[in-house]
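Engineer: Take a look at the following structure, please.
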Amino acid sequence: MSKQAPKARHAPAKVPGIYKTDSVRDVSESLNIINLSDIVASALASDVEYRIQQVVEEAARFMRHAKRTTLTTGDIDQALRVLNIEPLYGHFPYNPPTFRRALPFPQMQAAGPVYFIEDEEIEFDRVLREEKVTLPKGVTWTAHWLAVEGVQPLIPENPPAVPREIDPESAAAKHTSNASGSIFPPTPPSSDRPSPLQPAKQQPQQHIAVKQVLSSELQLYYARLTSSLLPPTSDFSKRTAALASLRHDAGLSPLLPYLVRWVGQGVVDALRSGSQNENDGRVLEVLLDVIGALLDNQTLGVEPYLHQLLPSIFSILLHSALPPSHAAQLRTTAAHILSHLLTHYSTTYPGLSTRIVKTLIVGLIGEGKSRSTREGAIRGLMGIGKEAVRQGLVKHQGAKIVGDECMPGESSSLVELVVEGFKLIHPPSLHPTPLNPDSGADASVIEELRAKLGNFFAERLIGDSAWARGILSDDAPDA
């Protein structure tokens with residue numbers, strides 16, 4: 001059986017592409033490449049056609065995602081960016097070019113239709129006569145303070161404050177009626193109930209100040225908070241809950257200036273009477289607890305109000321007529337608050353520690369100061385640290401001033417407090433060795449003790465040579 005001859009395979013007919021080889025030759029001739037073979041021109045045309053299809057497919061994907069049926073030049077630009085190709089400049093999707101068809105050439109009938117973009121002719125006279133339109137600025141983003149500590153600043157970005165006019169006679173009458181029987185500031189003003197504490201002579205200035213309007217919820221919170229804190233109407237559970245709220249709750253920034261003012265006014269009113277009764281002592285304890293709670297709350301910006309809180313703390317710490325049963329506790333608490341305040345805010349205010357130490361030293365060595373004031377100053381210095389105690393008792397001779405006012409052999413709370421300060425500077429020895437007046441080195445130490453600490457406290461330190469030398473050692477910088 002004879003085998004059939006294999007059929008000859010015909011080469012597939014080459015389908016011409018969209019991009020013609022003549023276009024490739026025209027480009028090559030513009031680049032001074034004259035002899036370009038047909039194979040190279042065909043390969044280049046196929047590659048150009050593939051790239052065009054790739055760009056169009058990517059642009060069509062953007063068109064479909066935009067839920068459009070018309071392909072724009074913006075889609076082409078996005079496709080070129082995705083393919084890491086430099087976009088074509090001068091084409092905008094919102095101003096598409098208009099193509100016009102040119103008339104056919106009689107000499108070249110087979111050339112096909114030609115389209116071109118018609119350039120608009122602009123008359124300069126018409127342009128000069130038209131009104132100039134100023135282009136607006138582009139959309140930009142900027143930051144500004146909407147409110148600072150609950151107060152709206154007067155800047156162009158914020159709306160102007162509309163002050164509420166107050167009748168001076170009605171405000172004065174209301175202030176007179178509310179002033180009797182109340183020792184603390186009233187509830188903060190609201191939009192429908194302005195504060196009556198503004199005198200009539202300050203009315204023209206109220207148009208400049210920005211008023212803080214509190215919501216009804218904050219006003220209710222303020223009223224219940226102050227009523228639950230103040231003795232004798234409050235019980236222990238309510239007071240504890242109120243202090244915990246001040247210590248942990250966020251969103252109390254609008255109330256902070258009113259609370260600081262309430263504390264300051266309460267301290268002034270409690271110390272002004274000078275009656276030294278138990279009620280005033282409990283009020284001062286509550287106010288110190290409120291100050292400590294405000295300083296413990298990390299969500300409140302207390303830094304701008306430190307200059308208003310420090311006078312209240314110093315007034316309790318250095319006052320000479322505190323209730324006897326609460327004096328030691330009040331001064332100890334105030335000293336702890338000063339220490340806490342310096343620990344957290346001395347980096348923010350570099351001169352804060354120097355200011356506080358100088359104030360306490362003045363209270364310690366000032367002429368005519370009472371023993372209670374000196375005791376409060378020593379407690380404040382001990383709360384700050386041993387270097388502050390060294391500055392007050394040794395370098396500024398506060399111990400000598402206190403000893404000169406004491407009777408020989410006296411053992412009072414002030415004397416014991418000074419000794420505690422000495423122990424903070426340098427601890428006493430477990431096995432003390434007394435100073436020998438016959439020795440030259442010990443005699444010089446005894447003379448220095450009498451010069452800096454006075455005879456009263458020098459006699460107490462002569463029995464421990466190591467303790468005396470540790471106190472006199474000058475290893476701290478001046479305040």
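FYI, nothing fancy with the structure tokens labels: chains A, B, ... in order, residues from 1 per chain, ligands from 1 as they appear.
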Any idea what's packed within 12 Å of Asp289 in chain A, counting only C-alpha atoms, ignoring anything in its chain fewer than 3 positions away? Could you give it as a PyMOL selection string?
Structural biologist: chain A and resi 229-230+239-240+242-244+246-247+263+282-286+292-296+313+329-330+333-334+336-337
Engineer: Atoms to include: C-alpha atoms. Write the selected residues as a CSV table (one decimal), in the first residue's frame.
Structural biologist:
chain,number,residue,atom,x,y,z
A,229,LEU,CA,-17.0,69.0,97.9
A,230,LEU,CA,-17.7,71.7,100.4
A,239,ARG,CA,-16.4,63.9,98.2
A,240,THR,CA,-14.4,60.9,97.2
A,242,ALA,CA,-16.1,64.2,93.1
A,243,LEU,CA,-12.3,64.1,93.6
A,244,ALA,CA,-12.1,60.9,91.5
A,246,LEU,CA,-11.7,65.6,88.8
A,247,ARG,CA,-8.7,63.3,88.8
A,263,VAL,CA,-10.3,77.3,94.7
A,282,ARG,CA,-11.8,71.1,106.5
A,283,VAL,CA,-12.5,73.6,103.7
A,284,LEU,CA,-8.7,74.1,103.2
A,285,GLU,CA,-8.1,70.3,103.1
A,286,VAL,CA,-10.8,69.9,100.5
A,292,GLY,CA,-4.0,67.8,93.7
A,293,ALA,CA,-6.7,66.2,91.6
A,294,LEU,CA,-6.4,68.8,88.9
A,295,LEU,CA,-2.7,68.3,88.7
A,296,ASP,CA,-3.1,64.5,88.5
A,313,ILE,CA,-0.7,76.7,97.8
A,329,GLN,CA,-1.7,68.1,107.8
A,330,LEU,CA,-2.4,71.1,105.7
A,333,THR,CA,-0.2,68.2,101.9
A,334,ALA,CA,0.8,71.6,100.5
A,336,HIS,CA,3.6,67.3,98.7
A,337,ILE,CA,1.6,69.3,96.1
Engineer: If we count only C-alpha atoms and set the cut-off at 12 Å, which residues sit around Ser315 in chain A, ignoring sequence neighbours fewer than 2 positions away in its own chain? Please answer as a ChimeraX atom specification.
Structural biologist: /A:263-272,284,287-288,308-313,317-322,330-331,334-335,359-360,363,372-373,376-377,380
Engineer: Restricting the calculation to only C-alpha atoms: of A:Leu453, A:Leu424, A:Val415, A:Leu430, which residue gets closest to Gln397 in chain A?
Structural biologist: A:Leu453
Engineer: By how many Å are CA of Pro113 in chain A and CA of Asp75 in chain A apart?
Structural biologist: 26.6 Å
Engineer: Show which residues sit within 12 Å of Ser28 in chain A, as JSON, numbers by chain. Count only C-alpha atoms, and ignore same-chain residues fewer than 4 positions away.
Structural biologist: {"A": [21, 22, 23, 24, 32, 33, 34, 35, 36, 37, 40, 41, 44, 45]}
Engineer: Which is closest to Gly454 in chain A among A:Tyr50, A:Ser412, A:Gly421, A:Gly398, if we use only C-alpha atoms?
Structural biologist: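 When distances to Gly454 in chain A are compared using only C-alpha atoms, the smallest one comes from A:Gly398.
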Engineer: Write out as a PyMOL selection string each polymer residue whose atoms come within 10 Å of Phe116 in chain A, counting only C-alpha atoms; drop sequence neighbours fewer than 4 positions from it.
Structural biologist: chain A and resi 97-102
Engineer: Counting only C-alpha atoms, which of A:Ser215, A:Thr348, A:Thr332, A:Thr134 gets nearest to Leu306 in chain A?
Structural biologist: A:Thr348
Engineer: State, in Å with one decimal place, the distance from CA of Trp467 in chain A to CA of Leu338 in chain A.
Structural biologist: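 Separation between CA of Trp467 in chain A and CA of Leu338 in chain A: 27.9 Å.
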Engineer: For Leu225 in chain A, which residue among A:Ala161, A:Gly383, A:Gln152, A:Val290 is the nearest when counting only C-alpha atoms?
Structural biologist: A:Val290
